[in-house]
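Structure below is entry_33.pdb: PDB, C-alpha atoms.
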```
ATOM      1  CA  MET A1424     111.458 100.028 131.415
ATOM      2  CA  ALA A1425     109.271 102.874 130.317
ATOM      3  CA  GLU A1426     105.614 102.429 129.541
ATOM      4  CA  ALA A1427     105.022  99.326 127.491
ATOM      5  CA  ARG A1428     104.610 100.008 123.806
ATOM      6  CA  LYS A1429     101.906  98.369 121.774
ATOM      7  CA  SER A1430     103.386  95.667 119.622
ATOM      8  CA  MET A1431     102.237  92.588 117.784
ATOM      9  CA  ILE A1432     103.679  89.364 116.427
ATOM     10  CA  LYS A1433     101.882  87.589 113.594
ATOM     11  CA  PHE A1434     102.505  84.263 111.913
ATOM     12  CA  LYS A1435     101.618  83.845 108.241
ATOM     13  CA  PRO A1436      99.936  81.552 107.348
ATOM     14  CA  LYS A1437      98.028  81.102 110.611
ATOM     15  CA  LYS A1438      97.989  77.289 110.379
ATOM     16  CA  PHE A1439     101.286  75.534 109.810
ATOM     17  CA  LYS A1440     103.091  72.259 110.379
ATOM     18  CA  VAL A1441     106.517  71.318 111.686
ATOM     19  CA  GLY A1442     109.057  71.892 108.908
ATOM     20  CA  ASP A1443     107.067  74.617 107.158
ATOM     21  CA  THR A1444     108.672  77.950 106.462
ATOM     22  CA  ILE A1445     106.454  80.697 107.819
ATOM     23  CA  LYS A1446     106.608  84.466 107.947
ATOM     24  CA  VAL A1447     107.076  86.058 111.342
ATOM     25  CA  ASP A1448     105.791  89.627 111.252
ATOM     26  CA  PHE A1449     106.514  92.117 113.976
ATOM     27  CA  ILE A1450     104.803  95.497 114.245
ATOM     28  CA  VAL A1451     105.377  98.065 116.986
ATOM     29  CA  ILE A1452     103.820 101.469 117.655
ATOM     30  CA  HIS A1453     106.826 103.787 117.781
ATOM     31  CA  PRO A1454     107.313 107.406 116.567
ATOM     32  CA  MET A1455     110.713 106.747 114.856
ATOM     33  CA  ASP A1456     111.583 110.470 114.959
ATOM     34  CA  THR A1457     114.426 111.447 112.649
ATOM     35  CA  GLY A1458     115.496 114.547 114.562
ATOM     36  CA  LEU A1459     114.476 116.747 111.614
ATOM     37  CA  LYS A1460     110.775 117.284 112.155
ATOM     38  CA  LYS A1461     109.305 120.137 114.162
ATOM     39  CA  ASP A1462     106.676 119.653 116.797
ATOM     40  CA  LYS A1463     103.576 121.466 115.532
ATOM     41  CA  LYS A1464     102.538 122.578 119.020
ATOM     42  CA  THR A1465     105.812 123.909 120.422
ATOM     43  CA  GLY A1466     107.633 124.764 117.185
ATOM     44  CA  LYS A1467     110.791 123.065 118.451
ATOM     45  CA  VAL A1468     112.648 120.345 116.593
ATOM     46  CA  LYS A1469     111.851 116.920 118.031
ATOM     47  CA  PRO A1470     114.952 114.994 119.083
ATOM     48  CA  ALA A1471     115.721 111.757 117.258
ATOM     49  CA  HIS A1472     113.941 108.784 118.802
ATOM     50  CA  TYR A1473     114.102 105.492 116.968
ATOM     51  CA  ILE A1474     114.471 101.767 117.512
ATOM     52  CA  ASP A1475     118.080 100.754 116.893
ATOM     53  CA  SER A1476     118.242  97.036 117.539
ATOM     54  CA  ILE A1477     115.858  94.118 117.345
ATOM     55  CA  THR A1478     116.395  90.464 118.183
ATOM     56  CA  PHE A1479     114.070  87.651 117.141
ATOM     57  CA  SER A1480     114.592  84.531 119.221
ATOM     58  CA  LEU A1481     113.059  81.089 119.545
ATOM     59  CA  ASP A1482     113.184  79.671 123.095
ATOM     60  CA  GLY A1483     115.938  82.109 123.985
ATOM     61  CA  LYS A1484     118.067  81.274 120.948
ATOM     62  CA  PRO A1485     118.326  84.257 118.608
ATOM     63  CA  PHE A1486     117.698  83.475 114.936
ATOM     64  CA  THR A1487     117.634  86.984 113.478
ATOM     65  CA  THR A1488     119.231  90.151 114.757
ATOM     66  CA  MET A1489     118.722  93.562 113.197
ATOM     67  CA  LYS A1490     120.317  96.924 113.368
ATOM     68  CA  VAL A1491     117.910  99.662 112.405
ATOM     69  CA  TRP A1492     118.181 103.399 111.746
ATOM     70  CA  GLU A1493     115.722 106.259 111.861
ATOM     71  CA  THR A1494     115.092 105.904 108.125
ATOM     72  CA  VAL A1495     112.607 103.120 108.834
ATOM     73  CA  SER A1496     108.993 104.329 108.786
ATOM     74  CA  THR A1497     106.903 105.322 111.781
ATOM     75  CA  ASN A1498     105.230 102.350 113.466
ATOM     76  CA  PRO A1499     107.720  99.988 111.888
ATOM     77  CA  TYR A1500     106.993  96.601 110.440
ATOM     78  CA  PHE A1501     109.572  93.853 110.057
ATOM     79  CA  SER A1502     109.041  90.477 108.477
ATOM     80  CA  VAL A1503     111.397  87.499 108.422
ATOM     81  CA  ASN A1504     111.033  83.816 107.713
ATOM     82  CA  LEU A1505     111.334  80.920 110.128
ATOM     83  CA  LYS A1506     111.544  77.201 109.503
ATOM     84  CA  VAL A1507     109.376  75.722 112.248
ATOM     85  CA  PRO A1508     111.375  73.128 114.218
ATOM     86  CA  GLY A1509     108.541  72.328 116.638
ATOM     87  CA  LYS A1510     106.709  73.895 119.541
ATOM     88  CA  GLY A1511     108.312  76.908 121.123
ATOM     89  CA  LYS A1512     108.047  80.538 122.042
ATOM     90  CA  ILE A1513     109.002  83.421 119.787
ATOM     91  CA  THR A1514     110.363  86.461 121.601
ATOM     92  CA  VAL A1515     111.181  89.801 120.023
ATOM     93  CA  ASP A1516     113.365  92.145 122.071
ATOM     94  CA  TYR A1517     113.876  95.697 120.900
ATOM     95  CA  THR A1518     115.852  98.657 122.162
ATOM     96  CA  ASP A1519     115.669 102.281 121.070
ATOM     97  CA  ASN A1520     118.308 105.016 121.066
ATOM     98  CA  THR A1521     117.119 106.401 124.403
ATOM     99  CA  GLY A1522     117.868 103.036 126.006
ATOM    100  CA  GLU A1523     114.255 101.979 126.311
ATOM    101  CA  LYS A1524     113.965  98.188 126.276
ATOM    102  CA  ASN A1525     110.851  96.184 125.514
ATOM    103  CA  SER A1526     109.935  92.692 124.470
ATOM    104  CA  LYS A1527     106.998  90.775 123.104
ATOM    105  CA  SER A1528     106.476  87.047 122.848
ATOM    106  CA  LYS A1529     104.067  84.603 121.290
ATOM    107  CA  LYS A1530     103.763  80.826 121.421
ATOM    108  CA  LEU A1531     104.557  78.853 118.316
ATOM    109  CA  LYS A1532     102.058  76.021 117.965
ATOM    110  CA  PRO A1533     102.478  73.886 114.859
ATOM    111  CA  LYS A1534      99.676  71.403 114.068
ATOM    112  CA  GLY A1535     100.385  67.961 112.751
TER     113      GLY A1535
ATOM    114  CA  MET N 506     124.586 156.817  92.615
ATOM    115  CA  LYS N 507     122.443 157.478  95.661
ATOM    116  CA  ARG N 508     120.293 154.466  94.867
ATOM    117  CA  ARG N 509     123.335 152.250  94.452
ATOM    118  CA  SER N 510     124.879 153.191  97.801
ATOM    119  CA  PHE N 511     121.529 152.730  99.479
ATOM    120  CA  ILE N 512     121.285 149.150  98.173
ATOM    121  CA  LYS N 513     124.850 148.489  99.242
ATOM    122  CA  SER N 514     124.179 149.617 102.775
ATOM    123  CA  ILE N 515     121.121 147.391 102.988
ATOM    124  CA  CYS N 516     123.179 144.450 101.774
ATOM    125  CA  THR N 517     125.851 144.936 104.428
ATOM    126  CA  VAL N 518     123.277 145.352 107.175
ATOM    127  CA  SER N 519     121.491 142.153 106.243
ATOM    128  CA  ALA N 520     124.818 140.302 105.909
ATOM    129  CA  VAL N 521     125.757 141.372 109.430
ATOM    130  CA  ALA N 522     122.377 140.283 110.729
ATOM    131  CA  VAL N 523     122.836 136.853 109.171
ATOM    132  CA  THR N 524     126.354 136.363 110.555
ATOM    133  CA  MET N 525     125.212 137.512 113.995
ATOM    134  CA  ASN N 526     122.672 134.695 114.041
ATOM    135  CA  PRO N 527     124.472 131.446 113.125
ATOM    136  CA  SER N 528     121.362 129.294 113.490
ATOM    137  CA  LEU N 529     119.801 131.259 110.640
ATOM    138  CA  VAL N 530     122.769 130.465 108.380
ATOM    139  CA  VAL N 531     122.435 126.740 109.016
ATOM    140  CA  ALA N 532     118.749 126.876 108.231
ATOM    141  CA  LYS N 533     119.409 128.754 104.991
ATOM    142  CA  GLU N 534     122.206 126.542 103.773
ATOM    143  CA  GLY N 535     119.709 123.724 103.307
ATOM    144  CA  VAL N 536     120.337 120.071 104.117
ATOM    145  CA  PRO N 537     119.707 119.777 107.832
ATOM    146  CA  LYS N 538     121.544 116.980 109.603
ATOM    147  CA  GLY N 539     119.527 114.232 111.245
ATOM    148  CA  ALA N 540     120.592 111.931 114.043
ATOM    149  CA  ASN N 541     123.018 110.045 111.789
ATOM    150  CA  ALA N 542     124.497 111.334 108.583
ATOM    151  CA  LEU N 543     125.881 108.219 106.978
ATOM    152  CA  ASP N 544     126.866 108.740 103.365
ATOM    153  CA  TYR N 545     125.898 106.049 100.834
ATOM    154  CA  GLU N 546     129.392 105.444  99.438
ATOM    155  CA  ALA N 547     130.934 105.402 102.913
ATOM    156  CA  SER N 548     128.362 102.997 104.299
ATOM    157  CA  VAL N 549     128.795 100.585 101.385
ATOM    158  CA  LYS N 550     132.526 100.613 102.083
ATOM    159  CA  ALA N 551     131.915 100.063 105.789
ATOM    160  CA  ILE N 552     129.746  97.021 105.057
ATOM    161  CA  THR N 553     131.854  95.360 102.381
ATOM    162  CA  GLY N 554     135.256  96.406 103.632
ATOM    163  CA  GLY N 555     136.320  97.230 100.090
ATOM    164  CA  LYS N 556     135.340  93.847  98.610
ATOM    165  CA  ALA N 557     133.864  93.604  95.132
ATOM    166  CA  VAL N 558     130.081  93.673  94.862
ATOM    167  CA  THR N 559     128.360  91.898  91.997
ATOM    168  CA  ASP N 560     124.875  92.567  90.684
ATOM    169  CA  SER N 561     123.027  89.295  90.881
ATOM    170  CA  ALA N 562     119.699  87.900  89.702
ATOM    171  CA  LYS N 563     119.616  85.787  92.862
ATOM    172  CA  VAL N 564     118.584  88.835  94.819
ATOM    173  CA  SER N 565     115.097  90.065  94.069
ATOM    174  CA  LEU N 566     114.127  93.436  95.413
ATOM    175  CA  SER N 567     110.536  94.543  95.191
ATOM    176  CA  VAL N 568     109.704  98.191  95.699
ATOM    177  CA  PRO N 569     106.950 100.346  94.197
ATOM    178  CA  GLU N 570     107.906 102.187  90.985
ATOM    179  CA  ILE N 571     106.193 105.333  92.187
ATOM    180  CA  ALA N 572     105.737 105.999  95.886
ATOM    181  CA  GLU N 573     103.049 108.593  96.559
ATOM    182  CA  ASN N 574     104.159 109.001 100.133
ATOM    183  CA  GLY N 575     107.873 108.889 100.845
ATOM    184  CA  ALA N 576     107.250 108.286 104.538
ATOM    185  CA  VAL N 577     106.021 104.751 103.909
ATOM    186  CA  VAL N 578     107.759 102.824 101.148
ATOM    187  CA  PRO N 579     107.398  99.027 101.372
ATOM    188  CA  VAL N 580     110.585  97.104 100.625
ATOM    189  CA  LYS N 581     110.818  93.344 100.157
ATOM    190  CA  VAL N 582     114.064  91.450  99.630
ATOM    191  CA  LYS N 583     114.246  87.801  98.642
ATOM    192  CA  VAL N 584     117.472  85.880  98.175
ATOM    193  CA  GLU N 585     117.732  82.481  96.533
ATOM    194  CA  SER N 586     119.672  80.254  98.864
ATOM    195  CA  ALA N 587     119.475  76.761 100.318
ATOM    196  CA  MET N 588     119.967  78.220 103.807
ATOM    197  CA  THR N 589     122.079  75.353 105.115
ATOM    198  CA  GLU N 590     124.932  75.626 107.625
ATOM    199  CA  VAL N 591     127.432  75.612 104.755
ATOM    200  CA  GLU N 592     125.666  77.983 102.403
ATOM    201  CA  HIS N 593     123.281  80.592 103.698
ATOM    202  CA  VAL N 594     122.521  84.282 103.584
ATOM    203  CA  LYS N 595     124.477  85.947 106.341
ATOM    204  CA  ALA N 596     123.087  89.442 106.159
ATOM    205  CA  ILE N 597     120.738  91.664 104.195
ATOM    206  CA  HIS N 598     121.469  95.390 104.238
ATOM    207  CA  VAL N 599     118.847  97.824 102.987
ATOM    208  CA  LEU N 600     120.207 101.177 101.824
ATOM    209  CA  SER N 601     118.991 104.241  99.981
ATOM    210  CA  SER N 602     121.264 106.196  97.670
ATOM    211  CA  LYS N 603     120.357 109.801  98.510
ATOM    212  CA  ASN N 604     118.847 109.922 102.002
ATOM    213  CA  GLY N 605     120.688 111.984 104.612
ATOM    214  CA  ASN N 606     121.295 108.710 106.357
ATOM    215  CA  ALA N 607     121.738 106.072 103.660
ATOM    216  CA  ARG N 608     121.355 103.068 105.937
ATOM    217  CA  CYS N 609     117.943 101.680 106.783
ATOM    218  CA  ALA N 610     118.361  98.210 108.237
ATOM    219  CA  ASP N 611     120.983  95.510 108.673
ATOM    220  CA  VAL N 612     119.457  92.067 109.097
ATOM    221  CA  MET N 613     121.627  89.186 110.262
ATOM    222  CA  LEU N 614     120.097  85.869 109.262
ATOM    223  CA  THR N 615     120.864  82.304 110.327
ATOM    224  CA  PRO N 616     120.068  78.890 108.792
ATOM    225  CA  MET N 617     117.084  78.741 111.180
ATOM    226  CA  ASN N 618     115.267  81.244 108.966
ATOM    227  CA  GLY N 619     114.734  78.688 106.212
ATOM    228  CA  LYS N 620     114.630  81.348 103.485
ATOM    229  CA  GLY N 621     116.515  84.517 102.725
ATOM    230  CA  TYR N 622     113.653  86.936 103.130
ATOM    231  CA  PHE N 623     113.143  90.325 104.732
ATOM    232  CA  ALA N 624     110.432  92.940 104.443
ATOM    233  CA  THR N 625     109.929  96.345 106.016
ATOM    234  CA  ARG N 626     108.777  99.888 105.297
ATOM    235  CA  ILE N 627     111.232 102.758 104.945
ATOM    236  CA  LYS N 628     111.276 106.539 104.521
ATOM    237  CA  LEU N 629     112.636 108.162 101.367
ATOM    238  CA  GLY N 630     113.464 111.871 101.180
ATOM    239  CA  GLY N 631     113.111 112.039  97.402
ATOM    240  CA  THR N 632     113.388 110.144  94.128
ATOM    241  CA  GLN N 633     116.344 107.770  94.431
ATOM    242  CA  ASP N 634     117.536 104.183  94.308
ATOM    243  CA  VAL N 635     116.819 101.588  96.951
ATOM    244  CA  VAL N 636     119.691  99.137  97.261
ATOM    245  CA  ALA N 637     119.779  95.664  98.794
ATOM    246  CA  LEU N 638     123.272  94.506  99.668
ATOM    247  CA  VAL N 639     123.458  90.816 100.536
ATOM    248  CA  GLU N 640     126.315  89.091 102.286
ATOM    249  CA  MET N 641     126.556  85.345 101.701
ATOM    250  CA  SER N 642     128.182  82.892 104.112
ATOM    251  CA  ASP N 643     131.182  82.458 101.776
ATOM    252  CA  GLY N 644     131.979  86.158 102.135
ATOM    253  CA  SER N 645     130.787  87.319  98.718
ATOM    254  CA  PHE N 646     128.526  90.316  98.277
ATOM    255  CA  LEU N 647     125.519  90.491  95.969
ATOM    256  CA  ARG N 648     123.570  93.576  95.101
ATOM    257  CA  ALA N 649     120.218  94.592  93.663
ATOM    258  CA  ALA N 650     119.033  98.143  93.125
ATOM    259  CA  LYS N 651     115.828  99.709  91.910
ATOM    260  CA  PRO N 652     114.809 103.343  91.427
ATOM    261  CA  VAL N 653     111.770 104.692  93.247
ATOM    262  CA  LYS N 654     109.986 107.885  92.239
ATOM    263  CA  VAL N 655     108.794 109.801  95.263
ATOM    264  CA  THR N 656     106.118 112.457  94.891
ATOM    265  CA  ILE N 657     106.124 113.628  98.523
ATOM    266  CA  GLY N 658     109.312 113.197 100.537
ATOM    267  CA  GLY N 659     109.098 111.661 103.978
ATOM    268  CA  CYS N 660     112.208 112.644 105.904
ATOM    269  CA  GLY N 661     111.584 116.216 106.946
TER     270      GLY N 661
END
```
Entire entry expressed as structure tokens:
Amino acid sequence: MAEARKSMIKFKPKKFKVGDTIKVDFIVIHPMDTGLKKDKKTGKVKPAHYIDSITFSLDGKPFTTMKVWETVSTNPYFSVNLKVPGKGKITVDYTDNTGEKNSKSKKLKPKG
Amino acid sequence: MKRRSFIKSICTVSAVAVTMNPSLVVAKEGVPKGANALDYEASVKAITGGKAVTDSAKVSLSVPEIAENGAVVPVKVKVESAMTEVEHVKAIHVLSSKNGNARCADVMLTPMNGKGYFATRIKLGGTQDVVALVEMSDGSFLRAAKPVKVTIGGCG
């Protein structure tokens, strides 16, 4: 694994109960280079570097998988829904086209 | 006549110079190729496998009418569905009609999601349509498309 990227998982709304449908937002700091842009310092074209697959899972069981291309914006943001079945741990694994793998997790704590 | 021949000679010289340097030709011919060059028509075919696609009011796509910055265009897709084991949204594909690479994201959903919803931000190279292609669990395909005006492109 290369250096860990900054990433964040957010639940909306912050307070929720079992059975509610909440939004699970995932944001990661990533250049998402298309392979078209030039580096301003060196004048050379930057090679393509983008996230190509993302898996959202709850306690190890994937509930959403994504395939992504370089046409997604820099520092990408993805939002999906989840029907809260109870306590658990949300994990987001992501891989980019250079083979770099990372993951981020957050505990799911419904109240009431 | 002297002037004419002079111009001719210049033309041939410059033509030779251009052919000698192939990288220059590519740059001049426009449309540079990115990492993936997936055509819109071809990618729709690849997703649906030739099945019929119907425009449906069940799919609501929200995009800005005018995007000032093509590098960050928010896209939100909502699909009306009960999201049960029998009937749920299987996948949401986000495409753009004129980008060098038409495909943006393929999202595979499960009944655990509770609602057919997906949101992200994409890049658009110019004014074009954003298309949401939705695959339901019964194998049918629904579609929603909306045009977006882009004042500054975001792919180059």
Per residue of chain A within 7 Å of chain N, which atom pair is closest and at what distance in Å (one decimal), using only C-alpha atoms, listed by chain and increasing number, as a Markdown table?
```
| residue | atom | partner | partner_atom | distance |
| --- | --- | --- | --- | --- |
| A:Thr1444 | CA | N:Gly619 | CA | 6.1 |
| A:Thr1457 | CA | N:Gly539 | CA | 6.0 |
| A:Gly1458 | CA | N:Gly539 | CA | 5.2 |
| A:Leu1459 | CA | N:Gly661 | CA | 5.5 |
| A:Lys1460 | CA | N:Gly661 | CA | 5.4 |
| A:Ala1471 | CA | N:Ala540 | CA | 5.8 |
| A:Phe1486 | CA | N:Thr615 | CA | 5.7 |
| A:Thr1487 | CA | N:Leu614 | CA | 5.0 |
| A:Thr1488 | CA | N:Met613 | CA | 5.2 |
| A:Met1489 | CA | N:Val612 | CA | 4.4 |
| A:Lys1490 | CA | N:Asp611 | CA | 4.9 |
| A:Val1491 | CA | N:Ala610 | CA | 4.4 |
| A:Trp1492 | CA | N:Cys609 | CA | 5.3 |
| A:Thr1494 | CA | N:Cys609 | CA | 5.3 |
| A:Val1495 | CA | N:Ile627 | CA | 4.1 |
| A:Ser1496 | CA | N:Ile627 | CA | 4.7 |
| A:Pro1499 | CA | N:Arg626 | CA | 6.7 |
| A:Tyr1500 | CA | N:Thr625 | CA | 5.3 |
| A:Phe1501 | CA | N:Thr625 | CA | 4.8 |
| A:Ser1502 | CA | N:Ala624 | CA | 4.9 |
| A:Val1503 | CA | N:Phe623 | CA | 5.0 |
| A:Asn1504 | CA | N:Asn618 | CA | 5.1 |
| A:Leu1505 | CA | N:Asn618 | CA | 4.1 |
| A:Lys1506 | CA | N:Gly619 | CA | 4.8 |
```
Using the chain letters and numbers from the file, give me the residues hit by the PyMOL selection byres ((chain N and resi 639-644) around 10), as a PyMOL selection string.
chain N and resi 552-553+556+558-559+561+563-564+582-584+586+588-599+611-615+621+636-638+645-649
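Rounded to one decimal, CA of Lys1484 in chain A and CA of Val580 in chain N lie 26.8 Å from each other.
What separates CA of Lys1446 in chain A from CA of Leu1531 in chain A is a distance of 12.0 Å.
The interatomic distance for the pair CA of Ile1474 in chain A and CA of Val1447 in chain A works out to 18.4 Å.
For His1472 in chain A, the residues within 9 Å (counting all atoms listed in the file, excluding itself and residues fewer than 4 positions away along the chain) are His1453, Pro1454, Met1455, Asp1456, Thr1457, Gly1458, Glu1493, Asp1519, Asn1520 and Thr1521 of chain A; Ala540 of chain N.
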Please write the residues picked by the PyMOL selection byres ((chain A and resi 1430-1442) around 6) on this file as a PyMOL selection string.
chain A and resi 1429+1443+1445-1451+1506-1509+1533-1535
Name the residues that the PyMOL selection byres ((chain A and resi 1525) around 12) picks from the file above, as a ChimeraX atom specification, using the file's chain letters and numbers.
/A:1424-1430,1451-1453,1474,1476-1478,1514-1519,1522-1524,1526-1528
